file final.txt (compact mmCIF, C-alpha atoms and all ligand atoms)
# COMPACT_ATOMS: atom_id res chain seq x y z
CA MET A 295 -16.33 2.32 4.39
CA ILE A 296 -15.23 2.94 0.80
CA GLU A 297 -17.10 1.37 -2.14
CA LEU A 298 -16.04 1.90 -5.74
CA THR A 299 -18.27 0.33 -8.36
CA ASP A 300 -17.02 -0.09 -11.93
CA VAL A 301 -15.20 3.25 -11.78
CA ARG A 302 -13.60 4.56 -14.96
CA LYS A 303 -11.54 7.69 -15.46
CA VAL A 304 -10.69 8.75 -18.98
CA PHE A 305 -8.55 11.84 -19.49
CA PRO A 306 -9.59 13.26 -22.86
CA ALA A 307 -7.14 13.78 -25.72
CA ARG A 308 -5.38 17.14 -25.42
CA ARG A 309 -2.90 19.06 -27.52
CA GLY A 310 -2.04 16.17 -29.80
CA ALA A 311 -1.83 13.63 -26.91
CA ALA A 312 -4.20 10.67 -27.13
CA GLU A 313 -6.86 10.11 -24.49
CA VAL A 314 -5.72 8.14 -21.45
CA VAL A 315 -7.83 5.51 -19.69
CA ALA A 316 -6.22 5.95 -16.26
CA VAL A 317 -8.72 3.84 -14.30
CA ASP A 318 -10.58 1.18 -16.20
CA GLY A 319 -13.57 -0.31 -14.43
CA VAL A 320 -12.34 -0.66 -10.84
CA THR A 321 -14.62 -2.23 -8.25
CA LEU A 322 -13.19 -2.07 -4.75
CA SER A 323 -14.52 -2.31 -1.23
CA VAL A 324 -12.68 -1.25 1.93
CA ALA A 325 -14.45 -2.10 5.20
CA ASP A 326 -14.71 0.23 8.19
CA GLY A 327 -11.43 0.20 10.10
CA GLU A 328 -9.55 -1.67 7.38
CA PHE A 329 -6.04 -0.66 6.32
CA ALA A 330 -5.97 -1.24 2.57
CA GLY A 331 -3.13 -0.78 0.09
CA VAL A 332 -3.16 0.01 -3.61
CA VAL A 333 -0.01 -1.06 -5.43
CA GLY A 334 1.04 -1.21 -9.03
CA PRO A 335 3.77 -0.12 -11.40
CA SER A 336 4.31 3.51 -12.35
CA GLY A 337 1.42 4.81 -14.48
CA SER A 338 -0.97 2.01 -13.45
CA GLY A 339 -3.51 4.52 -12.11
CA LYS A 340 -2.85 4.50 -8.34
CA SER A 341 -2.87 8.27 -7.79
CA THR A 342 -5.87 8.75 -10.05
CA LEU A 343 -7.72 6.04 -8.14
CA VAL A 344 -7.13 7.68 -4.76
CA ARG A 345 -8.18 11.08 -6.15
CA LEU A 346 -11.42 9.46 -7.32
CA VAL A 347 -12.23 8.38 -3.76
CA ASN A 348 -12.61 11.98 -2.55
CA LEU A 349 -13.70 13.23 -5.97
CA LEU A 350 -10.65 15.42 -6.49
CA GLU A 351 -11.21 13.77 -9.88
CA ARG A 352 -14.76 13.06 -10.98
CA PRO A 353 -15.10 9.59 -12.48
CA THR A 354 -16.07 9.38 -16.14
CA SER A 355 -18.48 6.65 -15.03
CA GLY A 356 -19.13 4.44 -12.03
CA GLY A 357 -20.08 5.01 -8.40
CA VAL A 358 -18.11 6.20 -5.36
CA VAL A 359 -19.57 5.73 -1.88
CA VAL A 360 -17.69 6.89 1.23
CA ASP A 361 -19.11 6.35 4.70
CA GLY A 362 -22.55 5.61 3.25
CA GLN A 363 -22.70 8.76 1.13
CA VAL A 364 -22.92 8.42 -2.67
CA LEU A 365 -20.37 11.09 -3.60
CA THR A 366 -20.98 10.66 -7.32
CA ASP A 367 -24.61 11.86 -6.81
CA LEU A 368 -23.53 15.13 -5.15
CA ASP A 369 -23.01 18.52 -6.80
CA ASP A 370 -19.70 20.36 -6.29
CA ASP A 371 -20.84 22.04 -3.05
CA GLY A 372 -22.03 18.70 -1.67
CA VAL A 373 -18.71 17.09 -2.59
CA ARG A 374 -16.78 19.86 -0.82
CA ARG A 375 -18.81 19.27 2.35
CA ALA A 376 -18.50 15.47 2.11
CA ARG A 377 -14.77 15.72 1.56
CA ARG A 378 -14.38 16.81 5.19
CA ALA A 379 -15.00 13.17 6.13
CA VAL A 380 -11.93 12.21 4.08
CA GLY A 381 -8.44 13.27 5.16
CA MET A 382 -5.55 13.11 2.72
CA VAL A 383 -1.78 12.83 3.15
CA PHE A 384 0.57 13.46 0.22
CA GLN A 385 4.08 12.38 -0.67
CA HIS A 386 5.49 15.91 -0.44
CA PHE A 387 3.50 16.95 2.65
CA ASN A 388 1.95 20.08 0.99
CA LEU A 389 2.43 22.19 4.13
CA LEU A 390 2.18 25.99 4.10
CA ASP A 391 5.77 27.18 4.53
CA SER A 392 4.71 30.49 6.06
CA ARG A 393 2.81 28.83 8.90
CA THR A 394 4.07 27.02 11.97
CA ALA A 395 3.28 23.35 12.60
CA ALA A 396 0.34 24.47 14.76
CA GLY A 397 -0.77 26.96 12.10
CA ASN A 398 -0.80 24.23 9.45
CA VAL A 399 -2.93 21.93 11.60
CA GLU A 400 -5.24 24.83 12.47
CA HIS A 401 -5.78 25.83 8.83
CA PRO A 402 -8.58 23.36 7.92
CA LEU A 403 -10.32 24.19 11.21
CA GLU A 404 -10.30 27.88 10.28
CA LEU A 405 -11.74 27.05 6.88
CA ALA A 406 -14.46 24.99 8.55
CA GLY A 407 -15.37 27.96 10.80
CA VAL A 408 -14.39 26.28 14.09
CA GLY A 409 -14.09 28.85 16.95
CA ARG A 410 -10.67 29.96 18.19
CA THR A 411 -10.73 28.27 21.61
CA GLU A 412 -11.89 24.95 20.17
CA ARG A 413 -9.30 25.25 17.36
CA ARG A 414 -6.46 25.75 19.81
CA ARG A 415 -7.60 22.81 21.90
CA ARG A 416 -7.87 20.48 18.90
CA VAL A 417 -4.49 21.58 17.50
CA ALA A 418 -2.78 20.89 20.83
CA ASP A 419 -4.41 17.43 21.02
CA LEU A 420 -3.45 16.58 17.43
CA LEU A 421 0.17 17.67 17.78
CA ASP A 422 0.33 15.61 20.95
CA LEU A 423 -1.16 12.61 19.10
CA VAL A 424 1.53 12.76 16.40
CA GLY A 425 4.33 13.29 18.95
CA LEU A 426 5.13 16.89 18.04
CA ALA A 427 3.71 18.88 20.96
CA ASP A 428 7.11 20.45 21.53
CA ARG A 429 7.47 21.57 17.88
CA HIS A 430 4.21 23.49 17.59
CA ALA A 431 6.02 26.78 16.85
CA SER A 432 8.42 25.30 14.24
CA ARG A 433 7.99 26.13 10.57
CA PRO A 434 8.18 23.31 7.98
CA ALA A 435 11.73 24.32 6.98
CA GLN A 436 12.83 23.60 10.56
CA LEU A 437 11.35 20.08 10.57
CA SER A 438 12.67 16.77 9.22
CA GLY A 439 10.77 14.95 6.48
CA GLY A 440 9.25 12.54 9.00
CA GLN A 441 8.19 15.44 11.25
CA LYS A 442 6.65 17.28 8.29
CA GLN A 443 4.63 14.19 7.45
CA ARG A 444 3.48 13.96 11.09
CA VAL A 445 2.23 17.55 10.85
CA ALA A 446 0.48 16.68 7.59
CA ILE A 447 -1.17 13.68 9.28
CA ALA A 448 -2.31 15.88 12.18
CA ARG A 449 -3.73 18.35 9.65
CA ALA A 450 -5.51 15.55 7.78
CA LEU A 451 -7.08 14.42 11.06
CA ALA A 452 -8.16 17.92 12.14
CA ALA A 453 -11.64 17.68 10.63
CA GLN A 454 -12.15 14.31 12.36
CA PRO A 455 -12.42 12.30 9.13
CA LYS A 456 -13.69 8.71 8.96
CA VAL A 457 -11.36 7.88 6.06
CA LEU A 458 -7.70 8.68 5.54
CA LEU A 459 -6.16 8.56 2.05
CA CYS A 460 -2.37 8.33 1.82
CA ASP A 461 -0.74 8.93 -1.56
CA GLU A 462 2.86 7.67 -1.39
CA ALA A 463 2.99 9.14 2.13
CA THR A 464 6.38 7.60 2.93
CA SER A 465 8.06 7.63 -0.48
CA ALA A 466 10.13 10.74 0.24
CA LEU A 467 11.28 9.51 3.65
CA ASP A 468 14.31 7.54 4.80
CA PRO A 469 13.66 4.05 6.23
CA ALA A 470 13.70 5.13 9.89
CA SER A 471 11.21 7.98 9.29
CA THR A 472 9.12 5.64 7.13
CA GLY A 473 8.88 3.15 10.00
CA GLY A 474 7.86 5.93 12.41
CA VAL A 475 5.20 7.35 10.09
CA LEU A 476 3.78 3.88 9.38
CA GLU A 477 3.63 3.15 13.09
CA LEU A 478 1.79 6.45 13.60
CA LEU A 479 -0.70 5.58 10.85
CA ARG A 480 -1.40 2.22 12.48
CA GLN A 481 -1.79 3.90 15.85
CA VAL A 482 -4.26 6.54 14.63
CA ARG A 483 -6.17 3.90 12.71
CA ALA A 484 -6.56 1.89 15.91
CA GLU A 485 -7.24 4.83 18.23
CA LEU A 486 -9.63 6.73 15.97
CA GLY A 487 -11.18 3.75 14.17
CA LEU A 488 -10.19 5.15 10.77
CA THR A 489 -10.46 3.42 7.44
CA VAL A 490 -7.15 3.90 5.59
CA LEU A 491 -6.47 3.59 1.87
CA LEU A 492 -2.76 3.81 1.15
CA ILE A 493 -1.09 4.03 -2.22
CA THR A 494 2.47 2.94 -2.56
CA HIS A 495 4.94 1.35 -4.92
CA GLU A 496 6.86 -0.03 -1.93
CA MET A 497 5.85 -3.56 -1.03
CA ALA A 498 7.62 -3.28 2.33
CA VAL A 499 5.04 -0.64 3.27
CA VAL A 500 2.18 -2.98 2.39
CA ARG A 501 3.77 -5.83 4.33
CA ALA A 502 4.27 -3.59 7.35
CA VAL A 503 0.82 -2.05 7.72
CA CYS A 504 -1.87 -3.29 5.34
CA ASP A 505 -4.60 -5.84 6.05
CA SER A 506 -5.52 -6.06 2.36
CA ALA A 507 -4.30 -4.75 -0.98
CA VAL A 508 -5.16 -4.56 -4.65
CA LEU A 509 -2.67 -4.74 -7.50
CA LEU A 510 -3.41 -2.36 -10.37
CA ASP A 511 -2.11 -2.71 -13.90
CA HIS A 512 -3.13 -0.42 -16.75
CA GLY A 513 -5.96 0.96 -14.62
CA ARG A 514 -7.44 -2.43 -13.78
CA VAL A 515 -7.42 -4.51 -10.61
CA VAL A 516 -5.50 -7.66 -11.54
CA ASP A 517 -5.37 -9.21 -8.07
CA GLY A 518 -6.32 -8.35 -4.50
CA GLY A 519 -7.85 -9.29 -1.19
CA PRO A 520 -6.83 -9.82 2.43
CA LEU A 521 -3.06 -10.39 2.42
CA THR A 522 -3.33 -13.63 4.37
CA GLU A 523 -5.57 -15.01 1.58
CA VAL A 524 -3.51 -13.56 -1.26
CA LEU A 525 -0.33 -15.21 -0.01
CA THR A 526 -1.89 -18.66 -0.03
CA ARG A 527 -3.58 -18.25 -3.43
CA PRO A 528 -2.07 -20.20 -6.34
CA HIS A 529 -0.39 -18.12 -9.08
CA SER A 530 -1.20 -14.84 -7.33
CA PRO A 531 0.57 -11.91 -9.03
CA LEU A 532 0.16 -9.85 -5.85
CA ALA A 533 1.80 -12.60 -3.73
CA ALA A 534 4.67 -12.57 -6.22
CA GLN A 535 5.07 -8.84 -5.55
CA LEU A 536 4.71 -9.13 -1.78
CA LEU A 537 7.30 -11.88 -1.43
CA PRO A 538 9.18 -11.95 -4.73
CA VAL A 539 11.07 -15.14 -5.57
CA PRO A 540 11.83 -15.02 -9.29
CA ALA A 541 12.82 -18.43 -10.60
CA VAL A 542 16.40 -18.56 -11.81
CA ALA A 543 17.69 -20.52 -14.79
CA GLY A 544 20.25 -23.27 -14.45
CA GLY A 545 19.27 -25.04 -11.20
CA ALA A 546 20.29 -28.70 -11.14
CA GLY A 547 16.85 -30.09 -10.27
CA ASP A 548 13.16 -29.40 -10.69
CA LEU A 549 12.19 -25.93 -9.50
CA VAL A 550 9.42 -25.83 -6.93
CA ARG A 551 8.00 -22.72 -5.26
CA VAL A 552 6.60 -23.34 -1.79
CA THR A 553 4.63 -20.86 0.33
CA VAL A 554 5.32 -21.39 4.00
CA THR A 555 2.99 -20.22 6.76
CA GLU A 556 2.83 -20.51 10.53
CA ASP A 557 0.67 -23.64 10.02
CA ALA A 558 2.90 -25.16 7.34
CA PRO A 559 6.43 -23.95 8.19
CA GLU A 560 9.58 -24.50 6.14
CA GLY A 561 10.91 -27.14 8.56
CA ARG A 562 7.99 -29.42 7.75
CA VAL A 563 8.41 -28.83 4.00
CA LEU A 564 12.11 -29.70 4.07
CA ARG A 565 11.51 -32.72 6.32
CA THR A 566 8.90 -34.07 3.89
CA LEU A 567 11.07 -33.59 0.81
CA ALA A 568 14.48 -34.53 2.16
CA GLY A 569 13.76 -36.55 5.30
CA GLU A 570 10.73 -38.67 4.44
CA LEU A 571 11.26 -39.06 0.69
CA GLY A 572 15.04 -38.80 0.42
CA LEU A 573 15.04 -36.12 -2.25
CA ASP A 574 18.01 -33.81 -2.64
CA VAL A 575 16.82 -30.28 -1.85
CA GLU A 576 18.62 -27.00 -2.38
CA VAL A 577 17.07 -23.65 -1.36
CA VAL A 578 17.92 -21.39 -4.32
CA GLY A 579 15.90 -18.33 -3.30
CA GLY A 580 13.29 -17.05 -0.96
CA SER A 581 12.11 -14.61 1.62
CA VAL A 582 10.32 -14.95 4.92
CA GLU A 583 8.58 -11.88 6.29
CA THR A 584 5.91 -10.75 8.71
CA VAL A 585 2.89 -9.81 6.61
CA ALA A 586 -0.38 -8.58 8.13
CA GLY A 587 1.07 -9.60 11.50
CA ARG A 588 1.74 -13.21 10.53
CA ARG A 589 4.81 -15.02 9.33
CA PHE A 590 4.83 -15.96 5.64
CA GLY A 591 7.52 -17.06 3.27
CA ARG A 592 7.99 -18.08 -0.32
CA LEU A 593 10.88 -20.40 -1.06
CA LEU A 594 12.27 -21.52 -4.38
CA LEU A 595 13.65 -25.05 -4.12
CA SER A 596 15.67 -27.05 -6.59
CA VAL A 597 14.71 -30.68 -6.00
CA THR A 598 16.62 -33.62 -7.45
CA GLY A 599 15.57 -37.24 -7.28
CA ASP A 600 13.14 -39.78 -8.61
CA ASP A 601 10.24 -38.09 -10.52
CA GLY A 602 7.63 -40.36 -8.99
CA ARG A 603 8.87 -39.56 -5.51
CA LEU A 604 8.74 -35.84 -6.25
CA ASP A 605 5.08 -36.11 -7.29
CA VAL A 606 4.31 -38.02 -4.09
CA ALA A 607 6.15 -35.37 -2.07
CA LEU A 608 4.34 -32.45 -3.67
CA GLN A 609 0.97 -34.12 -3.10
CA ARG A 610 1.90 -34.85 0.52
CA LEU A 611 2.79 -31.18 1.03
CA ARG A 612 -0.47 -30.04 -0.58
CA ASP A 613 -2.42 -32.45 1.62
CA GLY A 614 -0.64 -30.88 4.60
CA GLY A 615 -1.94 -27.42 3.61
CA SER A 616 1.13 -26.05 1.79
CA LEU A 617 0.86 -24.08 -1.43
CA VAL A 618 3.29 -25.81 -3.79
CA GLU A 619 3.84 -24.84 -7.42
CA ARG A 620 6.21 -26.05 -10.08
CA ALA A 621 8.27 -23.04 -11.22
CA VAL A 622 9.98 -22.21 -14.48
CA PRO A 623 12.42 -19.36 -15.08
CA GLY A 624 10.62 -16.15 -16.08
CA ASP A 625 7.20 -17.19 -14.69
CA GLU A 626 7.02 -14.23 -12.29
CA PRO A 627 7.26 -10.54 -13.22
CA PRO A 628 10.08 -8.45 -11.79
CA PRO A 629 9.19 -6.81 -8.48
CA ILE A 630 7.48 -3.40 -8.67
CA GLY A 631 9.79 -0.65 -7.51
CA VAL A 632 12.88 -2.30 -8.92
CA HIS A 633 12.05 -1.61 -12.57
CA ASP A 634 10.07 1.60 -11.90
CA GLU A 635 11.71 4.90 -12.73
CA PRO A 636 12.68 6.64 -9.49
CA GLU A 637 10.55 9.75 -8.98
CA ALA A 638 12.02 13.24 -8.76
CA SER A 639 11.17 14.33 -5.24
CA GLY A 640 11.68 18.10 -5.67
CA GLN A 641 12.31 18.20 -1.92
CA PRO A 642 15.50 18.70 0.04
CA GLU A 643 15.23 15.23 1.61
CA PRO A 644 16.74 12.52 -0.58
CA ALA A 645 14.17 10.10 -1.98
CA VAL A 646 14.95 6.61 -0.69
CA PRO A 647 13.30 4.14 -3.06
CA HIS A 648 14.32 0.99 -1.19
CA VAL A 649 12.77 0.45 2.18
CA LEU A 650 13.40 -3.26 2.52
CA ASP A 651 14.93 -2.55 5.92
CA ILE A 652 11.89 -0.70 7.27
CA PRO A 653 11.74 -1.48 10.97
CA GLU A 654 8.90 -3.86 11.68
CA VAL A 655 5.77 -2.01 12.85
CA PRO A 656 4.22 -3.47 16.01
CA ARG A 657 0.62 -4.53 15.35
N1 LIG A 701 -4.55 15.01 -15.42
C1 LIG A 701 -4.17 14.06 -16.29
N2 LIG A 701 -4.33 14.24 -17.63
C2 LIG A 701 -3.97 13.29 -18.51
N3 LIG A 701 -3.45 12.09 -18.15
C3 LIG A 701 -3.27 11.85 -16.84
C4 LIG A 701 -3.61 12.81 -15.84
N4 LIG A 701 -3.31 12.30 -14.62
C5 LIG A 701 -2.79 11.06 -14.84
N5 LIG A 701 -2.76 10.81 -16.18
C6 LIG A 701 -2.31 9.56 -16.81
O1 LIG A 701 -3.06 8.50 -16.24
C7 LIG A 701 -2.23 7.33 -16.10
C8 LIG A 701 -2.23 6.91 -14.64
O2 LIG A 701 -1.53 7.91 -13.90
P1 LIG A 701 -1.39 7.84 -12.31
O3 LIG A 701 -0.61 9.04 -11.89
O4 LIG A 701 -2.72 7.64 -11.73
O5 LIG A 701 -0.51 6.52 -12.13
P2 LIG A 701 0.34 6.03 -10.86
O6 LIG A 701 0.16 4.55 -10.79
O7 LIG A 701 -0.04 6.83 -9.68
O8 LIG A 701 1.81 6.36 -11.33
P3 LIG A 701 3.10 6.77 -10.42
O9 LIG A 701 3.40 5.59 -9.53
O10 LIG A 701 4.16 7.01 -11.46
O11 LIG A 701 2.72 8.01 -9.65
C9 LIG A 701 -0.85 7.71 -16.62
O12 LIG A 701 -0.78 7.28 -17.97
C10 LIG A 701 -0.86 9.22 -16.54
O13 LIG A 701 -0.02 9.77 -17.51
call {"tool": "encode", "arguments": {"input": "final.txt", "output": "structure tokens"}}
result
Amino acid sequence: MIELTDVRKVFPARRGAAEVVAVDGVTLSVADGEFAGVVGPSGSGKSTLVRLVNLLERPTSGGVVVDGQVLTDLDDDGVRRARRAVGMVFQHFNLLDSRTAAGNVEHPLELAGVGRTERRRRVADLLDLVGLADRHASRPAQLSGGQKQRVAIARALAAQPKVLLCDEATSALDPASTGGVLELLRQVRAELGLTVLLITHEMAVVRAVCDSAVLLDHGRVVDGGPLTEVLTRPHSPLAAQLLPVPAVAGGAGDLVRVTVTEDAPEGRVLRTLAGELGLDVEVVGGSVETVAGRRFGRLLLSVTGDDGRLDVALQRLRDGGSLVERAVPGDEPPPIGVHDEPEASGQPEPAVPHVLDIPEVPR
């Protein structure tokens, strides 16, 4: 379990640069076995937040509890010991080039003083778990990006952590490798009972694997919760990022944004508007996706007809359990990841910022 209580991180002013409040009073709880996402635009504090969870950065104030241990009460030696319960996976893998895949996975076990026979046994099991038993003797330069990340995941799991932190773990991968790595993360979460906190600017990643997420902006949590709740919450900025449907100017009728679910599907919505009440309905935008293992959609409809009838229709839909909102152009922010600056990867693999075609991860 991860508990952050009113955590702040202020980087002091340096060499003429003003101080930066990177994380500004974040309270966050991730339950045992939960797969949680942290999303937000570039510079919103995502990486700093994840580094606060294992105290790679000490908070300026606030409390950090991981697996029942109050990390913020520990001295540096205590933090180093406690950090073994927290594995971490990075965007650029951070493997030792001079070591083989097996040597990389073995490294933390050597540092922890695990005996040679036990080390070899654990390394073989871990490489098997991540599907790379046959590449144990390969060096990082001989592996694809996806394979390197699998080695990094095996290494992060070597010390048998309770919590796994993933900082943009798929951002340097192509869509097929991204799908494979996400599937692996879900598998190890299920098999090992891990709690996973994943940072990403790619909403497709959140849709594919997360149970819950928080949206950060300027170091603050502006929205969050279980995805199934978020998507049925009125005016949710996180729902607008998960299933973006920006309202467009110039539609002929009244713009209405409808959230469809398995219980209130689009067929029923359209039947109510067009069939029962005779309104003229045009679908002008929308997306339907599997999120947290369930089917959700957000549709933007242009509805023309008698105003009174429209009000009756909207109320009837609400009574039937649909989330229905009047929309106006510009009422939703642009999707994160579209307006963000692409990051320089510094790696031979091309960075692929758009993963909208990530293969669906079986749950
Ligand atoms: N060591 C540091 N010293 C000073 N400022 C820092 C430091 N690390 C991060 N910052 C600043 O803190 C803010 C949050 O940065 P952070 O890297 O956490 O954001 P992010 O959401 O992860 O961004 P990105 O998606 O671009 O990686 C930014 O303004 C950044 O410049």
call {"tool": "residues_near_ligand", "arguments": {"input": "final.txt", "ligand": "ligand LIG 701 (chain A)", "cutoff": "10 Å", "atoms": "only C-alpha atoms and all ligand atoms", "output": "VMD selection string"}}
result
chain A and resid 303 to 308 311 to 317 332 to 346 351 461 to 462 493 to 495 510 to 513 630 to 631 634 to 637
call {"tool": "write_last_selection", "arguments": {"input": "final.txt", "atoms": "C-alpha atoms", "output": "PDB file, in the coordinates of the input"}}
result
ATOM      1  CA  LYS A 303     -11.540   7.690 -15.460  1.00  0.00           C
ATOM      2  CA  VAL A 304     -10.690   8.750 -18.980  1.00  0.00           C
ATOM      3  CA  PHE A 305      -8.550  11.840 -19.490  1.00  0.00           C
ATOM      4  CA  PRO A 306      -9.590  13.260 -22.860  1.00  0.00           C
ATOM      5  CA  ALA A 307      -7.140  13.780 -25.720  1.00  0.00           C
ATOM      6  CA  ARG A 308      -5.380  17.140 -25.420  1.00  0.00           C
ATOM      7  CA  ALA A 311      -1.830  13.630 -26.910  1.00  0.00           C
ATOM      8  CA  ALA A 312      -4.200  10.670 -27.130  1.00  0.00           C
ATOM      9  CA  GLU A 313      -6.860  10.110 -24.490  1.00  0.00           C
ATOM     10  CA  VAL A 314      -5.720   8.140 -21.450  1.00  0.00           C
ATOM     11  CA  VAL A 315      -7.830   5.510 -19.690  1.00  0.00           C
ATOM     12  CA  ALA A 316      -6.220   5.950 -16.260  1.00  0.00           C
ATOM     13  CA  VAL A 317      -8.720   3.840 -14.300  1.00  0.00           C
ATOM     14  CA  VAL A 332      -3.160   0.010  -3.610  1.00  0.00           C
ATOM     15  CA  VAL A 333      -0.010  -1.060  -5.430  1.00  0.00           C
ATOM     16  CA  GLY A 334       1.040  -1.210  -9.030  1.00  0.00           C
ATOM     17  CA  PRO A 335       3.770  -0.120 -11.400  1.00  0.00           C
ATOM     18  CA  SER A 336       4.310   3.510 -12.350  1.00  0.00           C
ATOM     19  CA  GLY A 337       1.420   4.810 -14.480  1.00  0.00           C
ATOM     20  CA  SER A 338      -0.970   2.010 -13.450  1.00  0.00           C
ATOM     21  CA  GLY A 339      -3.510   4.520 -12.110  1.00  0.00           C
ATOM     22  CA  LYS A 340      -2.850   4.500  -8.340  1.00  0.00           C
ATOM     23  CA  SER A 341      -2.870   8.270  -7.790  1.00  0.00           C
ATOM     24  CA  THR A 342      -5.870   8.750 -10.050  1.00  0.00           C
ATOM     25  CA  LEU A 343      -7.720   6.040  -8.140  1.00  0.00           C
ATOM     26  CA  VAL A 344      -7.130   7.680  -4.760  1.00  0.00           C
ATOM     27  CA  ARG A 345      -8.180  11.080  -6.150  1.00  0.00           C
ATOM     28  CA  LEU A 346     -11.420   9.460  -7.320  1.00  0.00           C
ATOM     29  CA  GLU A 351     -11.210  13.770  -9.880  1.00  0.00           C
ATOM     30  CA  ASP A 461      -0.740   8.930  -1.560  1.00  0.00           C
ATOM     31  CA  GLU A 462       2.860   7.670  -1.390  1.00  0.00           C
ATOM     32  CA  ILE A 493      -1.090   4.030  -2.220  1.00  0.00           C
ATOM     33  CA  THR A 494       2.470   2.940  -2.560  1.00  0.00           C
ATOM     34  CA  HIS A 495       4.940   1.350  -4.920  1.00  0.00           C
ATOM     35  CA  LEU A 510      -3.410  -2.360 -10.370  1.00  0.00           C
ATOM     36  CA  ASP A 511      -2.110  -2.710 -13.900  1.00  0.00           C
ATOM     37  CA  HIS A 512      -3.130  -0.420 -16.750  1.00  0.00           C
ATOM     38  CA  GLY A 513      -5.960   0.960 -14.620  1.00  0.00           C
ATOM     39  CA  ILE A 630       7.480  -3.400  -8.670  1.00  0.00           C
ATOM     40  CA  GLY A 631       9.790  -0.650  -7.510  1.00  0.00           C
ATOM     41  CA  ASP A 634      10.070   1.600 -11.900  1.00  0.00           C
ATOM     42  CA  GLU A 635      11.710   4.900 -12.730  1.00  0.00           C
ATOM     43  CA  PRO A 636      12.680   6.640  -9.490  1.00  0.00           C
ATOM     44  CA  GLU A 637      10.550   9.750  -8.980  1.00  0.00           C
TER      45      GLU A 637
END
call {"tool": "residues_near_point", "arguments": {"input": "final.txt", "point": "(-4.8, -3.0, -4.3)", "cutoff": "6 Å", "atoms": "only C-alpha atoms", "output": "MDAnalysis selection string"}}
result
chainID A and resid 331:333 507:509 518
call {"tool": "residues_near_point", "arguments": {"input": "final.txt", "point": "(-4.9, -11.9, 4.1)", "cutoff": "12 Å", "atoms": "only C-alpha atoms", "output": "ChimeraX atom specification"}}
result
/A:328-331,500-501,503-508,518-527,532-533,536,555,584-590
call {"tool": "atom_distance", "arguments": {"input": "final.txt", "atom1": "atom CA of Val539 of chain A", "atom2": "atom CA of Glu619 of chain A"}}
result
12.2 Å
call {"tool": "closest_residue", "arguments": {"input": "final.txt", "among": "A:Ala431, A:Leu486, A:Val383, A:Val618", "to": "Ala395 of chain A", "atoms": "all atoms listed in the file"}}
result
A:Ala431
call {"tool": "atom_distance", "arguments": {"input": "final.txt", "atom1": "atom CA of His430 of chain A", "atom2": "atom CA of Ala396 of chain A"}}
result
4.9 Å
call {"tool": "closest_residue", "arguments": {"input": "final.txt", "among": "A:Arg429, A:His401, A:Lys456, A:Arg410", "to": "Gly381 of chain A", "atoms": "all atoms listed in the file"}}
result
A:Lys456
call {"tool": "atom_distance", "arguments": {"input": "final.txt", "atom1": "atom CA of Arg562 of chain A", "atom2": "atom CA of Ala546 of chain A"}}
result
22.6 Å
call {"tool": "residues_around", "arguments": {"input": "final.txt", "residues": "Asp625 of chain A", "least_positions_apart": "5", "cutoff": "12 Å", "atoms": "all atoms listed in the file", "output": "PyMOL selection string"}}
result
chain A and resi 529-531+534+538-543+549-551+619-620
call {"tool": "residues_around", "arguments": {"input": "final.txt", "residues": "Asp367 of chain A", "least_positions_apart": "2", "cutoff": "12 Å", "atoms": "only C-alpha atoms", "output": "PDB file with C-alpha atoms, in the frame of the given file"}}
result
ATOM      1  CA  LEU A 349     -13.700  13.230  -5.970  1.00  0.00           C
ATOM      2  CA  ARG A 352     -14.760  13.060 -10.980  1.00  0.00           C
ATOM      3  CA  PRO A 353     -15.100   9.590 -12.480  1.00  0.00           C
ATOM      4  CA  SER A 355     -18.480   6.650 -15.030  1.00  0.00           C
ATOM      5  CA  GLY A 356     -19.130   4.440 -12.030  1.00  0.00           C
ATOM      6  CA  GLY A 357     -20.080   5.010  -8.400  1.00  0.00           C
ATOM      7  CA  VAL A 358     -18.110   6.200  -5.360  1.00  0.00           C
ATOM      8  CA  VAL A 359     -19.570   5.730  -1.880  1.00  0.00           C
ATOM      9  CA  VAL A 360     -17.690   6.890   1.230  1.00  0.00           C
ATOM     10  CA  GLN A 363     -22.700   8.760   1.130  1.00  0.00           C
ATOM     11  CA  VAL A 364     -22.920   8.420  -2.670  1.00  0.00           C
ATOM     12  CA  LEU A 365     -20.370  11.090  -3.600  1.00  0.00           C
ATOM     13  CA  ASP A 369     -23.010  18.520  -6.800  1.00  0.00           C
ATOM     14  CA  ASP A 370     -19.700  20.360  -6.290  1.00  0.00           C
ATOM     15  CA  ASP A 371     -20.840  22.040  -3.050  1.00  0.00           C
ATOM     16  CA  GLY A 372     -22.030  18.700  -1.670  1.00  0.00           C
ATOM     17  CA  VAL A 373     -18.710  17.090  -2.590  1.00  0.00           C
ATOM     18  CA  ALA A 376     -18.500  15.470   2.110  1.00  0.00           C
TER      19      ALA A 376
END
call {"tool": "residues_around", "arguments": {"input": "final.txt", "residues": "Arg603 of chain A", "least_positions_apart": "3", "cutoff": "9 Å", "atoms": "only C-alpha atoms", "output": "ChimeraX atom specification"}}
result
/A:567,571-573,599-600,606-608
